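Novice: Okay, handing you the structure first.
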Amino acid sequence: MSALISALRQFAGLFVEDGWLALAILGIVALAGVLALLMPRLSLAAGAILLFGCLGVLVANVMRAARDERVR
Amino acid sequence: MGLMMTWTVAAPAISAAFLSSLVEAVEALTIVLAVGTVRGWRPAGLGAVAGLALLALIVLALGPLLDRVPLNLLQLAIGVLLLLFGMRWLRKAILRAAGVIPLHDEAKVYATETAQLREQENLHKARLDWLAALASFKTIVLEGLEVVFIVIAVGAGRGLIGPASVGAIAACILVAGVGFAVHRPLARVPENTLKFVVGVMLSAFGVFWIGEGFGIDWPGEDIAIIAFAALFLVVALGTAALTRRVGREALQ
């Protein structure tokens, strides 16, 4: 059982290493999805939120991780 | 035009599968070599073959299931997983390129794994072949799962699983051939550069597939993937440079 849990944890680790980054990505995807579904005529705006949101999240997460590493 | 449009997706898909499989195969080879060197090639080979057999079973089981999932749902699910996976690689590659965290060192991984196996040798002499085969099996399954996921993820949305698999298999054969010829971990492969490039490509694919899943009409259609990749690359390089500079200023 513990081997299975360990294997599942390692599998989940393929996608999630930093919980903050994963949650932020999912938040951006959800926001873009809501906009695309509720306002199909603004689907390009949803695309822009998705693309630039992910880029913003990446920059913010890296800067935060670098600052945390320096504090340590 | 149609052929060109297909190649704008096929070429990034094949190169993403090839480059990411190169990274995973190098990591798997290091552990299999350590097992083979300490305990002999029988347990190392048995573990690796068992791992490959399990991966083949997973592919055979998953393949027919994918055809039953509606395309936009498949694009959305795969896009989200690609984005999580790609941005995880990209984040780590940026932090390594900026010198915040150390580079992955295959020689060090090899030395650690060899030391652990030698330690186990003293503790569990009788069970060691099993433990050694298990180490080889585990690394092939875990690294192989990443390869399988990437092949499915970059190939499934446009029926490119075949070409993506060829890219992945070519990388694995190349690494296995070179690794077994030199009998040493491939420490000189520029792993972080590869991870950086693959992270950029997978993130671009992820954004594209999610958009397709939501019904977004991307300008330029498939060519948008290349534009997204270029944008991710510029932002990632800029972030690495900025992080490095801020780190240097903090030290002064």
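Simple scheme: letters A, B, ... for chains in structure tokens order, numbers from 1 for residues in each chain, numbers from 1 for ligands in the order shown.
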Kindly provide, as an MDAnalysis selection string, the residues of chain B having any atom no farther than 9 Å from an atom of chain A, counting only C-alpha atoms.
Specialist: chainID B and resid 80:88 90:92 94:95 98 100:101 142 145:146 203:204 207:208 210:211 214:219 228 231:232 235:236 239:240 242:243 247 250
Novice: Could you pull the residues within 10 Å of segment 51-62 of chain B, counting only C-alpha atoms, minus those fewer than 2 positions along the same chain, as a list of chain:residue names?
Specialist: B:Gly45, B:Leu46, B:Gly47, B:Ala48, B:Val49, B:Pro64, B:Leu65, B:Leu66, B:Asp67, B:Ala133, B:Leu134, B:Ser136, B:Phe137, B:Lys138, B:Thr139, B:Ile140, B:Val141, B:Leu142, B:Glu143, B:Gly144, B:Leu145, B:Val147, B:Val148, B:Phe149, B:Ile152
Novice: Rounded to one decimal in Å, what is the spacing between atom CA of Trp20 of chain A and atom CA of Ala16 of chain B?
Specialist: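 Separating atom CA of Trp20 of chain A from atom CA of Ala16 of chain B is a distance of 25.8 Å.
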Novice: Return the single residue from B:Thr112, B:Ser20, B:Ser165, B:Thr30 that is closest to Val151 of chain B, with distances computed using only C-alpha atoms.
Specialist: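 Closest candidate: B:Ser165.
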Novice: Could you state the separation of atom CA of Ala10 of chain B and atom CA of Arg96 of chain B in Å, given to one decimal place?
Specialist: 29.3 Å
Novice: Report, in Å to a single decimal, how far apart atom CA of Ala153 of chain B and atom CA of Ile78 of chain B are.
Specialist: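 So the answer is 5.6 Å.
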Novice: Pick out the closest residue to Val175 of chain B from this set: B:Val200, B:Ile161, B:Val26, B:Leu237. Count only C-alpha atoms.
Specialist: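 The closest residue to Val175 of chain B is B:Val26.
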